[in-house]
file work_9.cif (mmCIF, C-alpha atoms)
data_my_file
#
loop_
_atom_site.group_PDB
_atom_site.id
_atom_site.type_symbol
_atom_site.label_atom_id
_atom_site.label_comp_id
_atom_site.auth_asym_id
_atom_site.auth_seq_id
_atom_site.Cartn_x
_atom_site.Cartn_y
_atom_site.Cartn_z
ATOM 1 C CA MET A 1275 6.352 60.653 -21.379
ATOM 2 C CA ASP A 1276 6.763 63.458 -18.858
ATOM 3 C CA TRP A 1277 10.158 62.472 -17.521
ATOM 4 C CA ALA A 1278 10.114 65.463 -15.178
ATOM 5 C CA GLN A 1279 7.722 63.435 -13.006
ATOM 6 C CA MET A 1280 9.626 60.160 -13.253
ATOM 7 C CA ARG A 1281 12.201 60.021 -10.497
ATOM 8 C CA ASP A 1282 14.646 57.143 -10.581
ATOM 9 C CA CYS A 1283 15.979 55.167 -7.618
ATOM 10 C CA TRP A 1284 18.393 58.004 -6.866
ATOM 11 C CA PHE A 1285 15.601 60.614 -7.044
ATOM 12 C CA ASP A 1286 16.889 62.149 -10.269
ATOM 13 C CA VAL A 1287 14.597 62.810 -13.242
ATOM 14 C CA ASP A 1288 17.035 63.695 -16.010
ATOM 15 C CA ARG A 1289 19.524 60.810 -16.244
ATOM 16 C CA VAL A 1290 17.358 57.869 -17.325
ATOM 17 C CA PRO A 1291 16.045 59.374 -20.605
ATOM 18 C CA LYS A 1292 19.574 60.403 -21.586
ATOM 19 C CA LEU A 1293 20.934 56.951 -20.795
ATOM 20 C CA LEU A 1294 18.151 55.293 -22.799
ATOM 21 C CA GLU A 1295 19.066 57.417 -25.796
ATOM 22 C CA ARG A 1296 22.702 56.343 -25.447
ATOM 23 C CA VAL A 1297 22.014 52.605 -25.283
ATOM 24 C CA GLU A 1298 19.545 52.787 -28.164
ATOM 25 C CA ARG A 1299 22.231 54.379 -30.350
ATOM 26 C CA GLU A 1300 24.943 51.906 -29.370
ATOM 27 C CA ASP A 1301 25.791 49.177 -26.886
ATOM 28 C CA ASP A 1302 27.261 51.386 -24.164
ATOM 29 C CA THR A 1303 28.488 49.313 -21.215
ATOM 30 C CA GLU A 1304 28.794 52.223 -18.801
ATOM 31 C CA ALA A 1305 25.344 53.528 -19.715
ATOM 32 C CA TRP A 1306 23.799 50.105 -19.101
ATOM 33 C CA LYS A 1307 25.572 49.872 -15.765
ATOM 34 C CA GLU A 1308 24.216 53.240 -14.644
ATOM 35 C CA LEU A 1309 20.723 52.397 -15.899
ATOM 36 C CA GLY A 1310 20.860 49.236 -13.826
ATOM 37 C CA TYR A 1311 21.322 50.947 -10.486
ATOM 38 C CA ARG A 1312 19.021 53.845 -11.363
ATOM 39 C CA LEU A 1313 16.113 51.582 -12.350
ATOM 40 C CA VAL A 1314 16.590 48.736 -9.846
ATOM 41 C CA LEU A 1315 18.139 49.794 -6.561
ATOM 42 C CA GLU A 1316 20.283 47.052 -5.012
ATOM 43 C CA HIS A 1317 18.359 44.494 -7.108
ATOM 44 C CA ASP A 1318 15.289 45.039 -4.933
ATOM 45 C CA LEU A 1319 13.518 48.397 -5.237
ATOM 46 C CA VAL A 1320 12.025 50.021 -8.324
ATOM 47 C CA SER A 1321 10.800 53.557 -9.015
ATOM 48 C CA PRO A 1322 8.492 55.470 -11.392
ATOM 49 C CA ALA A 1323 11.351 55.746 -13.904
ATOM 50 C CA SER A 1324 11.641 51.949 -13.914
ATOM 51 C CA PHE A 1325 8.182 51.489 -15.406
ATOM 52 C CA ALA A 1326 8.485 54.591 -17.569
ATOM 53 C CA ALA A 1327 11.610 53.038 -19.126
ATOM 54 C CA LEU A 1328 10.026 49.627 -19.721
ATOM 55 C CA PRO A 1329 8.615 50.339 -23.236
ATOM 56 C CA ASP A 1330 12.039 51.578 -24.397
ATOM 57 C CA LEU A 1331 13.757 48.534 -22.915
ATOM 58 C CA VAL A 1332 11.298 46.200 -24.636
ATOM 59 C CA ARG A 1333 11.922 47.928 -27.956
ATOM 60 C CA ILE A 1334 15.657 47.309 -27.576
ATOM 61 C CA ALA A 1335 15.240 43.806 -26.105
ATOM 62 C CA PRO A 1336 15.284 41.781 -29.379
ATOM 63 C CA ARG A 1337 18.905 42.801 -29.933
ATOM 64 C CA SER A 1338 20.166 43.431 -26.411
ATOM 65 C CA ALA A 1339 20.784 40.995 -23.545
ATOM 66 C CA GLU A 1340 21.187 43.983 -21.217
ATOM 67 C CA ALA A 1341 17.716 45.287 -22.115
ATOM 68 C CA ARG A 1342 16.146 41.862 -21.574
ATOM 69 C CA SER A 1343 17.894 41.502 -18.237
ATOM 70 C CA LEU A 1344 16.953 44.947 -16.969
ATOM 71 C CA ALA A 1345 13.330 44.614 -18.110
ATOM 72 C CA SER A 1346 13.267 41.271 -16.327
ATOM 73 C CA TRP A 1347 14.582 42.756 -13.077
ATOM 74 C CA ILE A 1348 11.894 45.434 -13.178
ATOM 75 C CA LEU A 1349 9.041 43.025 -13.865
ATOM 76 C CA GLU A 1350 10.198 40.555 -11.226
ATOM 77 C CA ARG A 1351 9.557 43.337 -8.703
ATOM 78 C CA ALA A 1352 6.253 44.501 -10.192
ATOM 79 C CA ALA A 1353 4.228 42.947 -7.364
ATOM 80 C CA GLY A 1354 6.103 44.912 -4.692
ATOM 81 C CA GLN A 1355 4.960 47.984 -2.800
ATOM 82 C CA HIS A 1356 6.330 50.492 -5.298
ATOM 83 C CA GLY A 1357 3.337 52.836 -5.529
ATOM 84 C CA CYS A 1358 3.456 52.818 -9.341
ATOM 85 C CA ASP A 1359 0.437 50.682 -10.209
ATOM 86 C CA ASP A 1360 -0.853 53.301 -12.665
ATOM 87 C CA LEU A 1361 2.455 53.332 -14.538
ATOM 88 C CA LEU A 1362 2.564 49.538 -14.584
ATOM 89 C CA ALA A 1363 -0.948 49.473 -16.051
ATOM 90 C CA ASP A 1364 0.246 51.783 -18.840
ATOM 91 C CA CYS A 1365 2.882 49.180 -19.743
ATOM 92 C CA THR A 1366 0.338 46.534 -20.768
ATOM 93 C CA ASP A 1367 1.163 46.716 -24.477
ATOM 94 C CA ALA A 1368 4.909 46.707 -23.815
ATOM 95 C CA ILE A 1369 4.586 43.663 -21.557
ATOM 96 C CA LYS A 1370 2.577 41.812 -24.220
ATOM 97 C CA GLU A 1371 5.291 42.594 -26.751
ATOM 98 C CA PHE A 1372 7.973 41.510 -24.296
ATOM 99 C CA ARG A 1373 6.221 38.144 -23.990
ATOM 100 C CA LYS A 1374 6.584 37.654 -27.762
ATOM 101 C CA VAL A 1375 10.217 38.776 -27.709
ATOM 102 C CA LEU A 1376 11.055 36.359 -24.901
ATOM 103 C CA ASP A 1377 9.274 33.422 -26.500
ATOM 104 C CA ARG A 1378 11.191 33.888 -29.749
ATOM 105 C CA HIS A 1379 14.431 34.321 -27.858
ATOM 106 C CA LEU A 1380 13.973 31.215 -25.711
ATOM 107 C CA ARG A 1381 13.352 29.090 -28.788
ATOM 108 C CA SER A 1382 16.834 30.055 -30.019
ATOM 109 C CA ARG A 1383 18.381 28.319 -26.940
ATOM 110 C CA PRO A 1384 20.386 31.412 -25.905
ATOM 111 C CA THR A 1385 23.190 31.670 -23.378
ATOM 112 C CA ASP A 1386 20.983 33.904 -21.198
ATOM 113 C CA TYR A 1387 18.216 31.291 -21.067
ATOM 114 C CA LEU A 1388 17.732 31.514 -17.283
ATOM 115 C CA VAL A 1389 17.347 35.308 -17.307
ATOM 116 C CA SER A 1390 14.860 35.144 -20.167
ATOM 117 C CA PHE A 1391 12.933 32.245 -18.624
ATOM 118 C CA ARG A 1392 12.597 34.164 -15.364
ATOM 119 C CA ALA A 1393 11.485 37.216 -17.313
ATOM 120 C CA LEU A 1394 8.756 35.181 -19.006
ATOM 121 C CA LEU A 1395 7.565 33.990 -15.599
ATOM 122 C CA ALA A 1396 7.385 37.613 -14.429
ATOM 123 C CA VAL A 1397 5.457 38.582 -17.567
ATOM 124 C CA GLU A 1398 2.947 35.856 -16.691
ATOM 125 C CA GLU A 1399 2.784 37.275 -13.128
ATOM 126 C CA GLU A 1400 4.358 34.151 -11.642
ATOM 127 C CA TYR A 1401 6.510 36.422 -9.510
ATOM 128 C CA HIS A 1402 7.371 33.903 -6.798
ATOM 129 C CA TRP A 1403 8.816 31.480 -9.367
ATOM 130 C CA ALA A 1404 10.547 34.259 -11.296
ATOM 131 C CA ASN A 1405 12.437 35.185 -8.149
ATOM 132 C CA ALA A 1406 13.075 31.619 -6.983
ATOM 133 C CA LEU A 1407 14.593 29.852 -9.987
ATOM 134 C CA GLU A 1408 18.390 29.722 -10.091
ATOM 135 C CA GLY A 1409 18.816 27.348 -13.022
ATOM 136 C CA PHE A 1410 18.568 24.053 -11.132
ATOM 137 C CA THR A 1411 22.303 23.616 -10.654
ATOM 138 C CA ASP A 1412 22.091 24.213 -6.890
ATOM 139 C CA ASP A 1413 18.578 25.496 -6.155
ATOM 140 C CA ILE A 1414 17.537 25.543 -2.500
ATOM 141 C CA ASN A 1415 14.026 26.428 -1.362
ATOM 142 C CA HIS A 1416 12.557 26.431 2.105
ATOM 143 C CA VAL A 1417 9.037 25.349 2.990
ATOM 144 C CA ASP A 1418 7.215 24.273 6.122
ATOM 145 C CA CYS A 1419 5.677 20.840 6.365
ATOM 146 C CA PRO A 1420 1.905 21.411 6.128
ATOM 147 C CA HIS A 1421 1.284 18.626 8.660
ATOM 148 C CA CYS A 1422 3.758 19.144 11.503
ATOM 149 C CA GLY A 1423 5.121 22.623 10.680
ATOM 150 C CA VAL A 1424 8.798 21.672 10.728
ATOM 151 C CA ALA A 1425 11.136 23.587 8.389
ATOM 152 C CA VAL A 1426 12.003 21.555 5.306
ATOM 153 C CA MET A 1427 14.841 22.434 2.940
ATOM 154 C CA ILE A 1428 14.290 21.405 -0.689
ATOM 155 C CA VAL A 1429 17.468 20.804 -2.710
ATOM 156 C CA ILE A 1430 17.325 20.470 -6.502
ATOM 157 C CA GLY A 1431 20.476 20.378 -8.586
ATOM 158 C CA ASP A 1432 23.951 18.978 -9.000
ATOM 159 C CA PHE A 1433 24.097 17.893 -5.351
ATOM 160 C CA GLY A 1434 20.937 15.813 -5.632
ATOM 161 C CA TYR A 1435 17.165 16.009 -5.362
ATOM 162 C CA TYR A 1436 16.109 15.687 -1.756
ATOM 163 C CA SER A 1437 14.332 17.183 1.229
ATOM 164 C CA GLN A 1438 16.275 17.822 4.408
ATOM 165 C CA VAL A 1439 14.984 18.101 7.947
ATOM 166 C CA TRP A 1440 16.887 18.364 11.217
ATOM 167 C CA VAL A 1441 15.506 15.816 13.682
ATOM 168 C CA GLY A 1442 16.984 15.730 17.160
ATOM 169 C CA GLY A 1443 20.103 17.529 15.967
ATOM 170 C CA GLU A 1444 20.591 15.073 13.112
ATOM 171 C CA GLU A 1445 20.223 15.887 9.418
ATOM 172 C CA VAL A 1446 17.772 13.506 7.751
ATOM 173 C CA ARG A 1447 17.277 13.437 3.987
ATOM 174 C CA ARG A 1448 14.581 11.931 1.795
ATOM 175 C CA ASN A 1449 14.633 11.723 -1.999
ATOM 176 C CA LEU A 1450 12.133 13.945 -3.799
ATOM 177 C CA ARG A 1451 9.428 12.341 -5.896
ATOM 178 C CA PRO A 1452 9.361 14.100 -9.281
ATOM 179 C CA ALA A 1453 6.079 14.676 -11.045
ATOM 180 C CA VAL A 1454 5.380 12.689 -14.180
ATOM 181 C CA ALA A 1455 5.096 15.048 -17.151
ATOM 182 C CA GLU A 1456 1.615 13.806 -18.039
ATOM 183 C CA GLU A 1457 0.389 14.557 -14.517
ATOM 184 C CA LEU A 1458 1.595 18.156 -14.415
ATOM 185 C CA ASN A 1459 -1.003 20.891 -14.730
ATOM 186 C CA GLY A 1460 -1.271 24.658 -14.588
ATOM 187 C CA THR A 1461 1.950 26.607 -14.162
ATOM 188 C CA GLY A 1462 4.089 23.508 -13.690
ATOM 189 C CA ARG A 1463 2.870 21.989 -16.953
ATOM 190 C CA TRP A 1464 3.427 25.246 -18.844
ATOM 191 C CA MET A 1465 6.955 25.682 -17.459
ATOM 192 C CA HIS A 1466 7.857 22.063 -18.192
ATOM 193 C CA GLN A 1467 6.518 22.220 -21.756
ATOM 194 C CA ILE A 1468 8.616 25.289 -22.538
ATOM 195 C CA ALA A 1469 11.770 23.689 -21.126
ATOM 196 C CA VAL A 1470 11.185 20.504 -23.153
ATOM 197 C CA ARG A 1471 10.372 22.507 -26.290
ATOM 198 C CA ASP A 1472 13.641 24.407 -25.967
ATOM 199 C CA GLY A 1473 15.762 21.335 -25.308
ATOM 200 C CA GLN A 1474 16.566 22.423 -21.741
ATOM 201 C CA GLU A 1475 16.909 19.018 -20.083
ATOM 202 C CA VAL A 1476 18.246 20.349 -16.761
ATOM 203 C CA PHE A 1477 15.336 22.776 -16.530
ATOM 204 C CA ALA A 1478 12.792 20.095 -17.398
ATOM 205 C CA ILE A 1479 14.149 17.711 -14.750
ATOM 206 C CA GLY A 1480 14.319 20.507 -12.165
ATOM 207 C CA ILE A 1481 10.737 21.599 -12.824
ATOM 208 C CA ALA A 1482 9.500 18.011 -12.559
ATOM 209 C CA HIS A 1483 11.057 17.818 -9.077
ATOM 210 C CA LEU A 1484 9.931 21.310 -8.041
ATOM 211 C CA PHE A 1485 6.334 20.402 -8.881
ATOM 212 C CA GLY A 1486 6.685 16.936 -7.398
ATOM 213 C CA LYS A 1487 6.369 15.635 -3.840
ATOM 214 C CA ALA A 1488 8.574 15.778 -0.765
ATOM 215 C CA GLU A 1489 8.535 13.588 2.328
ATOM 216 C CA CYS A 1490 8.903 15.176 5.735
ATOM 217 C CA SER A 1491 11.481 13.271 7.764
ATOM 218 C CA ASN A 1492 9.905 14.460 10.987
ATOM 219 C CA CYS A 1493 6.339 13.170 10.552
ATOM 220 C CA ALA A 1494 6.670 11.025 7.380
ATOM 221 C CA SER A 1495 3.919 12.954 5.584
ATOM 222 C CA VAL A 1496 4.158 13.580 1.833
ATOM 223 C CA PHE A 1497 3.227 16.955 0.366
ATOM 224 C CA SER A 1498 3.363 19.030 -2.819
ATOM 225 C CA ILE A 1499 6.493 21.198 -2.873
ATOM 226 C CA ALA A 1500 5.042 23.737 -5.306
ATOM 227 C CA ASP A 1501 1.794 24.103 -3.364
ATOM 228 C CA GLU A 1502 3.572 24.871 -0.110
ATOM 229 C CA TYR A 1503 6.087 27.223 -1.705
ATOM 230 C CA THR A 1504 3.349 29.063 -3.587
ATOM 231 C CA SER A 1505 1.191 29.375 -0.490
ATOM 232 C CA ALA A 1506 4.053 30.969 1.454
ATOM 233 C CA ASN A 1507 5.577 33.147 -1.269
ATOM 234 C CA ARG A 1508 3.062 34.104 -3.960
ATOM 235 C CA PRO A 1509 2.354 37.833 -3.517
ATOM 236 C CA VAL A 1510 -1.203 39.015 -2.999
ATOM 237 C CA MET A 1511 -2.227 40.422 -6.366
ATOM 238 C CA ARG A 1512 -3.801 43.849 -6.296
#
call {"tool": "encode", "arguments": {"input": "work_9.cif", "output": "structure tokens"}}
result
Amino acid sequence: MDWAQMRDCWFDVDRVPKLLERVEREDDTEAWKELGYRLVLEHDLVSPASFAALPDLVRIAPRSAEARSLASWILERAAGQHGCDDLLADCTDAIKEFRKVLDRHLRSRPTDYLVSFRALLAVEEEYHWANALEGFTDDINHVDCPHCGVAVMIVIGDFGYYSQVWVGGEEVRRNLRPAVAEELNGTGRWMHQIAVRDGQEVFAIGIAHLFGKAECSNCASVFSIADEYTSANRPVMR
């Protein structure tokens, strides 16, 4: 790796390789903290050094929550306009290995389950879901009704499972209609199966609602939540 060409988010080329050496030798909190803001700027932007560091992070990931988290942050932003498509393509083997690492880790029912689940979604290029899931304790997503165009808020979590629309200045709620496990397909089925496999009941229930139906209080139409959210938020793949 020619690190002299790999600027980080602060336009330096010498710090990231040194920091990677430090965290590989020992769990260095300050080094991880600096790596975080050099590889993912304000939790949004990535740089050439971000993808250059990915193979090293994946190598450390089986024994480091910090490595899994940072690799996840990078991959969740892989569909953005970062200008590093060639470097991302070079990470194919590392991403395949990361998939295996994450699958093994999720089966252990870890405390960082949400971070690792989101990382697995990013590995599978389900970027819109990787960036949307908050653990289903108080998840809020916004979609537009495909029939009348009104803004619909989708609430999934401890406060309930409902759609909310403002009609004439009044808040109107309707209960969501969760999908039956046997009727799920595609991404929803895959996500639900993993959650059930790993004993993550809250995740399984949340996914069933996320891939279920919502009723629009404005026009009374019923629509697929996941379809509308995907249509509005899935990035155009290059």
call {"tool": "atom_distance", "arguments": {"input": "work_9.cif", "atom1": "atom CA of A:Asp1301", "atom2": "atom CA of A:Leu1328"}}
result
17.3 Å
call {"tool": "closest_residue", "arguments": {"input": "work_9.cif", "among": "A:Leu1407, A:Ala1368, A:Leu1349, A:Ala1425", "to": "A:Ile1481", "atoms": "all atoms listed in the file"}}
result
A:Leu1407
call {"tool": "resolve_selection", "arguments": {"input": "work_9.cif", "expression": "the PyMOL selection byres ((chain A and resi 1312) around 10)", "output": "list in words"}}
result
Arg1281, Asp1282, Cys1283, Trp1284, Phe1285, Asp1286, Arg1289, Val1290, Trp1306, Lys1307, Glu1308, Leu1309, Gly1310, Tyr1311, Leu1313, Val1314, Leu1315, Glu1316, Leu1319, Val1320, Ser1321, Ala1323 and Ser1324 of chain A
call {"tool": "resolve_selection", "arguments": {"input": "work_9.cif", "expression": "the PyMOL selection byres ((chain A and resi 1393) around 12)", "output": "ChimeraX atom specification"}}
result
/A:1332,1335,1339,1341-1352,1369,1372-1377,1379-1380,1386-1392,1394-1407
call {"tool": "write_last_selection", "arguments": {"input": "work_9.cif", "atoms": "C-alpha atoms", "output": "compact mmCIF listing (two decimals), keeping the file's coordinate frame"}}
result
# COMPACT_ATOMS: atom_id res chain seq x y z
CA VAL A 1332 11.30 46.20 -24.64
CA ALA A 1335 15.24 43.81 -26.10
CA ALA A 1339 20.78 41.00 -23.54
CA ALA A 1341 17.72 45.29 -22.12
CA ARG A 1342 16.15 41.86 -21.57
CA SER A 1343 17.89 41.50 -18.24
CA LEU A 1344 16.95 44.95 -16.97
CA ALA A 1345 13.33 44.61 -18.11
CA SER A 1346 13.27 41.27 -16.33
CA TRP A 1347 14.58 42.76 -13.08
CA ILE A 1348 11.89 45.43 -13.18
CA LEU A 1349 9.04 43.02 -13.86
CA GLU A 1350 10.20 40.56 -11.23
CA ARG A 1351 9.56 43.34 -8.70
CA ALA A 1352 6.25 44.50 -10.19
CA ILE A 1369 4.59 43.66 -21.56
CA PHE A 1372 7.97 41.51 -24.30
CA ARG A 1373 6.22 38.14 -23.99
CA LYS A 1374 6.58 37.65 -27.76
CA VAL A 1375 10.22 38.78 -27.71
CA LEU A 1376 11.06 36.36 -24.90
CA ASP A 1377 9.27 33.42 -26.50
CA HIS A 1379 14.43 34.32 -27.86
CA LEU A 1380 13.97 31.22 -25.71
CA ASP A 1386 20.98 33.90 -21.20
CA TYR A 1387 18.22 31.29 -21.07
CA LEU A 1388 17.73 31.51 -17.28
CA VAL A 1389 17.35 35.31 -17.31
CA SER A 1390 14.86 35.14 -20.17
CA PHE A 1391 12.93 32.24 -18.62
CA ARG A 1392 12.60 34.16 -15.36
CA LEU A 1394 8.76 35.18 -19.01
CA LEU A 1395 7.56 33.99 -15.60
CA ALA A 1396 7.38 37.61 -14.43
CA VAL A 1397 5.46 38.58 -17.57
CA GLU A 1398 2.95 35.86 -16.69
CA GLU A 1399 2.78 37.28 -13.13
CA GLU A 1400 4.36 34.15 -11.64
CA TYR A 1401 6.51 36.42 -9.51
CA HIS A 1402 7.37 33.90 -6.80
CA TRP A 1403 8.82 31.48 -9.37
CA ALA A 1404 10.55 34.26 -11.30
CA ASN A 1405 12.44 35.18 -8.15
CA ALA A 1406 13.08 31.62 -6.98
CA LEU A 1407 14.59 29.85 -9.99
call {"tool": "closest_residue", "arguments": {"input": "work_9.cif", "among": "A:Ala1482, A:Ile1428, A:Val1470, A:Ala1506", "to": "A:Ala1453", "atoms": "all atoms listed in the file"}}
result
A:Ala1482
